[in-house]
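Peer 1: This is structure30.cif (mmCIF, C-alpha atoms and all ligand atoms).
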data_query
#
loop_
_atom_site.label_atom_id
_atom_site.label_comp_id
_atom_site.auth_asym_id
_atom_site.auth_seq_id
_atom_site.Cartn_x
_atom_site.Cartn_y
_atom_site.Cartn_z
CA MET J 1112 0.00 0.00 0.00
CA THR J 1113 1.59 3.32 -1.10
CA PRO J 1114 1.09 5.97 1.62
CA ASP J 1115 -0.50 9.25 0.52
CA LEU J 1116 1.96 12.14 0.25
CA ILE J 1117 1.19 15.87 0.29
CA ALA J 1118 3.74 17.73 -1.84
CA PRO J 1119 3.68 21.53 -1.38
CA SER J 1120 4.91 23.25 -4.55
CA ILE J 1121 7.37 25.92 -3.41
CA LEU J 1122 6.62 27.91 -6.56
CA SER J 1123 3.94 29.67 -4.48
CA ALA J 1124 6.07 30.07 -1.34
CA ASP J 1125 7.60 33.33 -0.14
CA PHE J 1126 11.06 33.07 -1.71
CA ALA J 1127 12.40 35.78 0.58
CA ARG J 1128 11.96 33.25 3.44
CA LEU J 1129 12.10 29.94 1.56
CA GLY J 1130 13.88 27.87 4.22
CA GLU J 1131 11.44 28.98 6.88
CA GLU J 1132 8.46 28.35 4.57
CA VAL J 1133 9.62 24.80 3.85
CA ASP J 1134 10.30 24.16 7.56
CA ASN J 1135 6.80 25.38 8.48
CA VAL J 1136 4.92 23.42 5.82
CA LEU J 1137 6.79 20.21 6.68
CA ALA J 1138 6.21 20.80 10.40
CA ALA J 1139 2.51 21.18 9.53
CA GLY J 1140 2.55 17.61 8.20
CA ALA J 1141 3.43 17.89 4.51
CA ASP J 1142 5.59 15.04 3.23
CA ILE J 1143 7.67 15.95 0.18
CA VAL J 1144 8.92 19.25 -1.28
CA HIS J 1145 7.74 19.81 -4.87
CA PHE J 1146 10.46 21.80 -6.64
CA ASP J 1147 9.35 23.38 -9.92
CA VAL J 1148 12.18 24.05 -12.37
CA MET J 1149 11.29 26.22 -15.38
CA ASP J 1150 13.68 27.45 -18.08
CA ASN J 1151 11.59 29.99 -20.06
CA HIS J 1152 12.09 27.68 -23.07
CA TYR J 1153 10.04 24.55 -22.51
CA VAL J 1154 7.55 26.66 -20.52
CA PRO J 1155 7.05 30.47 -20.63
CA ASN J 1156 8.44 31.06 -17.14
CA LEU J 1157 11.79 31.03 -15.33
CA THR J 1158 12.32 29.76 -11.78
CA ILE J 1159 14.98 27.98 -9.76
CA GLY J 1160 17.95 25.65 -10.25
CA PRO J 1161 20.20 23.17 -8.40
CA LEU J 1162 21.66 25.95 -6.23
CA VAL J 1163 18.31 26.41 -4.46
CA CYS J 1164 17.89 22.66 -3.99
CA GLU J 1165 21.37 22.53 -2.45
CA ALA J 1166 20.54 25.54 -0.25
CA LEU J 1167 17.48 23.73 1.13
CA ARG J 1168 19.61 20.69 1.96
CA LYS J 1169 22.25 22.91 3.64
CA HIS J 1170 19.42 24.64 5.53
CA GLY J 1171 18.63 21.22 6.99
CA VAL J 1172 15.70 19.98 4.89
CA THR J 1173 15.79 16.17 5.09
CA ALA J 1174 12.39 15.51 3.51
CA PRO J 1175 12.35 14.10 -0.05
CA ILE J 1176 12.65 16.75 -2.77
CA ASP J 1177 10.54 16.09 -5.86
CA VAL J 1178 12.22 17.97 -8.72
CA HIS J 1179 9.80 18.67 -11.59
CA LEU J 1180 11.87 19.60 -14.64
CA MET J 1181 10.00 21.85 -17.07
CA VAL J 1182 13.11 22.33 -19.14
CA LYS J 1183 14.43 21.35 -22.59
CA PRO J 1184 16.90 19.77 -23.12
CA VAL J 1185 16.78 17.70 -19.94
CA ASP J 1186 19.84 15.43 -19.57
CA ARG J 1187 22.50 18.09 -18.91
CA ILE J 1188 20.93 19.31 -15.68
CA ILE J 1189 20.14 15.92 -14.12
CA PRO J 1190 23.54 15.22 -12.51
CA ASP J 1191 23.54 18.72 -10.99
CA PHE J 1192 20.16 18.14 -9.32
CA ALA J 1193 21.25 14.72 -8.12
CA ALA J 1194 24.35 16.26 -6.55
CA ALA J 1195 22.20 19.04 -5.05
CA GLY J 1196 20.07 16.53 -3.14
CA ALA J 1197 17.07 15.74 -5.36
CA THR J 1198 15.12 12.61 -4.41
CA TYR J 1199 12.79 12.34 -7.41
CA ILE J 1200 13.54 13.86 -10.81
CA THR J 1201 10.65 13.97 -13.26
CA PHE J 1202 10.64 15.34 -16.80
CA HIS J 1203 8.27 15.85 -19.71
CA PRO J 1204 8.74 13.21 -22.48
CA GLU J 1205 8.39 15.93 -25.13
CA ALA J 1206 11.58 17.51 -23.70
CA SER J 1207 13.88 14.48 -24.17
CA GLU J 1208 15.24 13.06 -27.43
CA HIS J 1209 15.66 9.63 -25.78
CA ILE J 1210 13.18 9.01 -22.96
CA ASP J 1211 14.50 5.58 -21.96
CA ARG J 1212 18.07 6.90 -21.75
CA THR J 1213 17.00 9.93 -19.68
CA LEU J 1214 15.11 7.71 -17.23
CA GLN J 1215 18.18 5.49 -16.91
CA LEU J 1216 20.38 8.56 -16.39
CA ILE J 1217 18.21 9.73 -13.46
CA ARG J 1218 18.43 6.35 -11.75
CA SER J 1219 22.15 6.03 -12.48
CA GLU J 1220 22.59 9.31 -10.58
CA GLY J 1221 20.88 7.75 -7.53
CA CYS J 1222 17.51 9.45 -7.89
CA LYS J 1223 14.02 8.09 -8.49
CA ALA J 1224 12.79 8.69 -12.02
CA GLY J 1225 9.47 9.86 -13.40
CA LEU J 1226 7.61 11.08 -16.46
CA VAL J 1227 5.34 14.13 -16.46
CA PHE J 1228 2.22 14.20 -18.64
CA ASN J 1229 0.72 17.49 -19.79
CA PRO J 1230 -3.08 17.51 -20.00
CA ALA J 1231 -2.99 16.66 -23.73
CA THR J 1232 -0.06 14.22 -23.58
CA SER J 1233 -0.92 10.56 -24.08
CA LEU J 1234 -0.06 7.93 -21.49
CA SER J 1235 1.27 5.81 -24.38
CA TYR J 1236 4.75 7.17 -23.57
CA LEU J 1237 4.63 4.68 -20.68
CA ASP J 1238 4.20 1.62 -22.91
CA TYR J 1239 7.85 0.49 -23.01
CA VAL J 1240 9.36 2.14 -19.91
CA MET J 1241 7.17 1.23 -16.94
CA ASP J 1242 10.05 -0.79 -15.45
CA LYS J 1243 12.25 2.34 -15.45
CA ILE J 1244 9.73 4.58 -13.66
CA ASP J 1245 9.24 5.34 -9.96
CA MET J 1246 6.66 8.12 -10.42
CA ILE J 1247 4.02 9.19 -12.95
CA LEU J 1248 3.12 12.88 -12.66
CA LEU J 1249 -0.14 13.98 -14.29
CA MET J 1250 -0.42 17.73 -14.92
CA SER J 1251 -3.94 18.94 -14.17
CA VAL J 1252 -3.02 22.37 -15.52
CA ASN J 1253 -0.82 23.40 -18.44
CA PRO J 1254 2.71 23.80 -17.02
CA GLY J 1255 4.38 27.11 -16.30
CA PHE J 1256 2.40 28.81 -13.56
CA GLY J 1257 0.80 28.26 -10.17
CA GLY J 1258 -2.72 29.37 -9.28
CA GLN J 1259 -4.49 27.86 -12.32
CA SER J 1260 -7.75 25.87 -12.25
CA PHE J 1261 -7.84 22.07 -12.19
CA ILE J 1262 -8.63 20.60 -15.65
CA PRO J 1263 -11.52 18.12 -15.09
CA ALA J 1264 -10.47 15.79 -17.94
CA THR J 1265 -7.53 14.80 -15.72
CA MET J 1266 -9.84 12.55 -13.70
CA ASP J 1267 -10.32 10.01 -16.52
CA LYS J 1268 -6.59 10.08 -17.27
CA LEU J 1269 -5.91 9.50 -13.58
CA ARG J 1270 -8.17 6.46 -13.50
CA ALA J 1271 -6.43 5.10 -16.63
CA ALA J 1272 -2.97 5.65 -15.13
CA ARG J 1273 -4.03 3.94 -11.90
CA LYS J 1274 -5.19 0.90 -13.91
CA MET J 1275 -1.82 0.78 -15.74
CA ILE J 1276 0.14 0.92 -12.48
CA ASP J 1277 -2.02 -1.72 -10.78
CA ALA J 1278 -1.77 -4.00 -13.82
CA SER J 1279 2.03 -3.61 -13.84
CA GLY J 1280 2.40 -4.70 -10.23
CA LEU J 1281 5.23 -2.19 -9.98
CA ASP J 1282 5.85 0.25 -7.10
CA ILE J 1283 5.09 3.50 -8.94
CA ARG J 1284 3.80 6.69 -7.34
CA LEU J 1285 0.92 8.49 -9.07
CA GLU J 1286 1.18 12.25 -8.54
CA VAL J 1287 -1.24 15.00 -9.63
CA ASP J 1288 -0.02 18.55 -10.08
CA GLY J 1289 -2.00 21.72 -10.69
CA GLY J 1290 -5.11 23.26 -9.13
CA VAL J 1291 -5.19 20.76 -6.28
CA LYS J 1292 -7.01 22.20 -3.25
CA ALA J 1293 -8.64 20.97 -0.08
CA ASP J 1294 -12.01 20.95 -1.89
CA ASN J 1295 -10.97 18.58 -4.68
CA ILE J 1296 -8.17 16.48 -3.14
CA GLY J 1297 -10.63 13.84 -1.89
CA GLU J 1298 -12.04 13.29 -5.39
CA ILE J 1299 -8.52 13.22 -6.86
CA LYS J 1300 -7.51 10.55 -4.37
CA ALA J 1301 -10.64 8.54 -5.11
CA ALA J 1302 -9.68 8.59 -8.81
CA GLY J 1303 -6.37 6.92 -7.98
CA ALA J 1304 -3.70 9.47 -7.02
CA ASP J 1305 -1.41 8.88 -4.03
CA THR J 1306 0.78 12.00 -4.25
CA PHE J 1307 -0.72 15.48 -4.31
CA VAL J 1308 1.06 18.64 -5.39
CA SER J 1309 -0.45 21.87 -4.17
CA GLY J 1310 1.13 25.31 -4.42
CA SER J 1311 -1.37 28.16 -4.13
CA GLY J 1312 -3.76 25.77 -2.36
CA ILE J 1313 -1.30 25.62 0.55
CA PHE J 1314 0.87 28.75 0.42
CA GLY J 1315 -2.00 30.96 -0.72
CA LYS J 1316 -1.38 34.61 -1.27
CA GLY J 1317 -0.82 35.89 2.22
CA ARG J 1318 2.61 36.45 3.68
CA ASP J 1319 2.61 36.26 7.44
CA SER J 1320 5.12 35.23 10.04
CA ASP J 1321 2.91 32.77 11.95
CA PRO J 1322 4.94 29.51 11.96
CA HIS J 1323 1.70 27.53 12.26
CA ARG J 1324 -0.08 29.18 9.33
CA TYR J 1325 -0.07 25.93 7.31
CA ASP J 1326 -1.28 23.60 10.07
CA SER J 1327 -5.00 23.95 9.34
CA ILE J 1328 -4.80 23.61 5.53
CA ILE J 1329 -2.62 20.48 5.71
CA ARG J 1330 -4.96 19.02 8.37
CA GLU J 1331 -7.99 19.79 6.18
CA MET J 1332 -6.36 18.17 3.13
CA ARG J 1333 -5.65 15.02 5.18
CA GLU J 1334 -9.23 14.95 6.45
CA GLN J 1335 -10.55 15.23 2.91
CA MET J 1336 -8.23 12.42 1.72
CA ASP J 1337 -9.25 10.16 4.61
CA ARG J 1338 -13.01 10.55 4.09
O1 LIG Z 1401 4.37 22.47 -12.15
C1 LIG Z 1401 3.54 23.30 -11.79
C2 LIG Z 1401 3.15 24.43 -12.68
O2 LIG Z 1401 3.76 24.26 -13.92
C3 LIG Z 1401 2.88 23.10 -10.50
O3 LIG Z 1401 3.70 22.36 -9.58
C4 LIG Z 1401 2.33 24.35 -9.83
O4 LIG Z 1401 3.33 25.01 -9.11
C5 LIG Z 1401 1.19 23.97 -8.91
O5 LIG Z 1401 0.64 25.15 -8.40
P1 LIG Z 1401 -0.91 25.21 -8.00
O6 LIG Z 1401 -1.72 24.96 -9.23
O7 LIG Z 1401 -1.13 24.16 -6.95
O8 LIG Z 1401 -1.07 26.62 -7.44
FE FE Z 1402 5.11 20.98 -10.67
#
Show how you would write the structure in this file as structure tokens.
Ligand SMILES: O=C(CO)[C@@H](O)[C@H](O)COP(=O)(O)O
Ligand SMILES: [Fe+2]
Peer 2:
Amino acid sequence: MTPDLIAPSILSADFARLGEEVDNVLAAGADIVHFDVMDNHYVPNLTIGPLVCEALRKHGVTAPIDVHLMVKPVDRIIPDFAAAGATYITFHPEASEHIDRTLQLIRSEGCKAGLVFNPATSLSYLDYVMDKIDMILLMSVNPGFGGQSFIPATMDKLRAARKMIDASGLDIRLEVDGGVKADNIGEIKAAGADTFVSGSGIFGKGRDSDPHRYDSIIREMREQMDR
């Protein structure tokens, strides 16, 4: 049985106090840090690199770090993220010339490997690489920005991906990313997800110094998942 993981996307955190934000959201009960890497080439936005991942590790973050690469090309940056302390490294199949080789590269660097599926991307990319995958990430928004609305068609894709994983008998996490909130996380879990990325749904807009500001939202998400 794969335990459910809540993965706050730090894209929506207050970057002026990133270490504190990550400490607080993990202390509130979140499980894994979702680390969105954007290159303003594969997606129309630019964010963070291995330096920030390394800084979180030096700050003392011991929780898994789930690096979501929205970059093209992909391979060059993988060893740097592995050295910086990434736990999972996922990438979009459209961004790699050789998907099988990129998956093998991630594992050879000591990280868990995953493929990321945009809303319109077919799950058929999985057909010949399921044995090289530790995580399937389904985008429920088009990649590039936080704060977007969940795309309802993701639910059917989620059920299909869950069937593929169960039929494979392999230990593969099924993560959903984009527009996940307390009011839809229960339905997303029921459709088959076990790992839940939420950025604006957790960090919200407000900036305040209360170290317990994330306790209630994480608790509410758990309650919704356990219903
Ligand atoms: O990868 C991405 C966006 O491309 C996501 O991880 C977002 O950062 C999720 O943000 P919310 O939709 O939860 O606000
Ligand atoms: Fe992401």
Peer 1: Contacts of Asp1134 (chain J) at 9 Å or less, counting only C-alpha atoms, minus same-chain residues fewer than 6 places along, as a list in words?
Peer 2: Gly1171, Val1172 and Pro1322 of chain J
Peer 1: Next, the residues of the selection above should be written as a PDB file, in the frame of the given file with C-alpha atoms.
Peer 2:
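The new file out.pdb reads:
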ATOM      1  CA  GLY J1171      18.630  21.220   6.990  1.00  0.00           C
ATOM      2  CA  VAL J1172      15.700  19.980   4.890  1.00  0.00           C
ATOM      3  CA  PRO J1322       4.940  29.510  11.960  1.00  0.00           C
TER       4      PRO J1322
END
Peer 1: May I have a table of the residues of chain J lying at most 7 Å from ligand FE 1402 (chain Z), giving each one's closest pair of atoms and their distance in Å to one decimal, counting all atoms listed in the file, ordered by chain and ascending residue number, as JSON lines?
Peer 2:
{"residue": "J:Ser1120", "atom": "CA", "partner": "Z:FE1402", "partner_atom": "FE", "distance": 6.5}
{"residue": "J:His1145", "atom": "CA", "partner": "Z:FE1402", "partner_atom": "FE", "distance": 6.5}
{"residue": "J:Phe1146", "atom": "CA", "partner": "Z:FE1402", "partner_atom": "FE", "distance": 6.7}
{"residue": "J:Asp1147", "atom": "CA", "partner": "Z:FE1402", "partner_atom": "FE", "distance": 4.9}
{"residue": "J:His1179", "atom": "CA", "partner": "Z:FE1402", "partner_atom": "FE", "distance": 5.3}
{"residue": "J:Asp1288", "atom": "CA", "partner": "Z:FE1402", "partner_atom": "FE", "distance": 5.7}
Peer 1: Find the residue from J:Glu1132, J:Asp1294, J:Asp1142, J:Asp1242 that sits nearest to Thr1306 (chain J); use only C-alpha atoms when measuring.
Peer 2: J:Asp1142
Peer 1: Mind checking which residues fall within 12 Å of region 1216-1225 of chain J, counting all atoms listed in the file, ignoring those fewer than 3 positions away in the same chain, and posting them as a compact mmCIF listing (two decimals) with C-alpha atoms, in the frame of the given file?
Peer 2:
# COMPACT_ATOMS: atom_id res chain seq x y z
CA PRO J 1175 12.35 14.10 -0.05
CA ILE J 1176 12.65 16.75 -2.77
CA ASP J 1177 10.54 16.09 -5.86
CA VAL J 1178 12.22 17.97 -8.72
CA HIS J 1179 9.80 18.67 -11.59
CA LEU J 1180 11.87 19.60 -14.64
CA VAL J 1185 16.78 17.70 -19.94
CA ASP J 1186 19.84 15.43 -19.57
CA ARG J 1187 22.50 18.09 -18.91
CA ILE J 1188 20.93 19.31 -15.68
CA ILE J 1189 20.14 15.92 -14.12
CA PRO J 1190 23.54 15.22 -12.51
CA ASP J 1191 23.54 18.72 -10.99
CA PHE J 1192 20.16 18.14 -9.32
CA ALA J 1193 21.25 14.72 -8.12
CA ALA J 1194 24.35 16.26 -6.55
CA ALA J 1195 22.20 19.04 -5.05
CA GLY J 1196 20.07 16.53 -3.14
CA ALA J 1197 17.07 15.74 -5.36
CA THR J 1198 15.12 12.61 -4.41
CA TYR J 1199 12.79 12.34 -7.41
CA ILE J 1200 13.54 13.86 -10.81
CA THR J 1201 10.65 13.97 -13.26
CA PHE J 1202 10.64 15.34 -16.80
CA HIS J 1203 8.27 15.85 -19.71
CA PRO J 1204 8.74 13.21 -22.48
CA SER J 1207 13.88 14.48 -24.17
CA HIS J 1209 15.66 9.63 -25.78
CA ILE J 1210 13.18 9.01 -22.96
CA ASP J 1211 14.50 5.58 -21.96
CA ARG J 1212 18.07 6.90 -21.75
CA THR J 1213 17.00 9.93 -19.68
CA PHE J 1228 2.22 14.20 -18.64
CA TYR J 1236 4.75 7.17 -23.57
CA LEU J 1237 4.63 4.68 -20.68
CA VAL J 1240 9.36 2.14 -19.91
CA MET J 1241 7.17 1.23 -16.94
CA ASP J 1242 10.05 -0.79 -15.45
CA LYS J 1243 12.25 2.34 -15.45
CA ILE J 1244 9.73 4.58 -13.66
CA ASP J 1245 9.24 5.34 -9.96
CA MET J 1246 6.66 8.12 -10.42
CA ILE J 1247 4.02 9.19 -12.95
CA LEU J 1248 3.12 12.88 -12.66
CA LEU J 1249 -0.14 13.98 -14.29
CA ASP J 1282 5.85 0.25 -7.10
CA ILE J 1283 5.09 3.50 -8.94
CA ARG J 1284 3.80 6.69 -7.34
CA LEU J 1285 0.92 8.49 -9.07
CA GLU J 1286 1.18 12.25 -8.54
Peer 1: For the contact check between chain J and ligand LIG 1401 (chain Z), emit one row per residue of chain J within 6 Å, containing the shortest atom pair and the distance in Å rounded to one decimal, counting all atoms listed in the file, chain then rising number order, as a Markdown table.
Peer 2:
| residue | atom | partner | partner_atom | distance |
| --- | --- | --- | --- | --- |
| J:Ser1120 | CA | Z:LIG1401 | O4 | 5.1 |
| J:Leu1122 | CA | Z:LIG1401 | O4 | 5.1 |
| J:Asp1147 | CA | Z:LIG1401 | O1 | 5.5 |
| J:Pro1254 | CA | Z:LIG1401 | O2 | 3.3 |
| J:Gly1255 | CA | Z:LIG1401 | O2 | 3.8 |
| J:Phe1256 | CA | Z:LIG1401 | C2 | 4.5 |
| J:Gly1257 | CA | Z:LIG1401 | O5 | 3.6 |
| J:Gly1258 | CA | Z:LIG1401 | O8 | 3.7 |
| J:Gln1259 | CA | Z:LIG1401 | O6 | 5.1 |
| J:Asp1288 | CA | Z:LIG1401 | O3 | 5.3 |
| J:Gly1289 | CA | Z:LIG1401 | O6 | 3.6 |
| J:Gly1290 | CA | Z:LIG1401 | O6 | 3.8 |
| J:Val1291 | CA | Z:LIG1401 | O7 | 5.3 |
| J:Ser1309 | CA | Z:LIG1401 | O7 | 3.7 |
| J:Gly1310 | CA | Z:LIG1401 | O7 | 3.6 |
| J:Ser1311 | CA | Z:LIG1401 | O8 | 3.7 |
| J:Gly1312 | CA | Z:LIG1401 | O7 | 5.5 |
Peer 1: Could you tell me which of J:Lys1300, J:Pro1155, J:Pro1114, J:Ser1327 comes closest to Ile1313 (chain J) if we count only C-alpha atoms?
Peer 2: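 When distances to Ile1313 (chain J) are compared using only C-alpha atoms, the smallest one comes from J:Ser1327.
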Peer 1: Which one is closest to Lys1268 (chain J): J:Ala1141, J:Asn1229, J:Asn1295, J:Gln1335? Count only C-alpha atoms.
Peer 2: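 Of all the options, J:Asn1229 lies closest to Lys1268 (chain J).
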Peer 1: With distances taken over only C-alpha atoms, which residue among J:Glu1205, J:Asp1321, J:Asp1326, J:Asp1277 lies nearest Ala1304 (chain J)?
Peer 2: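 Of J:Glu1205, J:Asp1321, J:Asp1326, J:Asp1277, the one nearest Ala1304 (chain J) is J:Asp1277, counting only C-alpha atoms.
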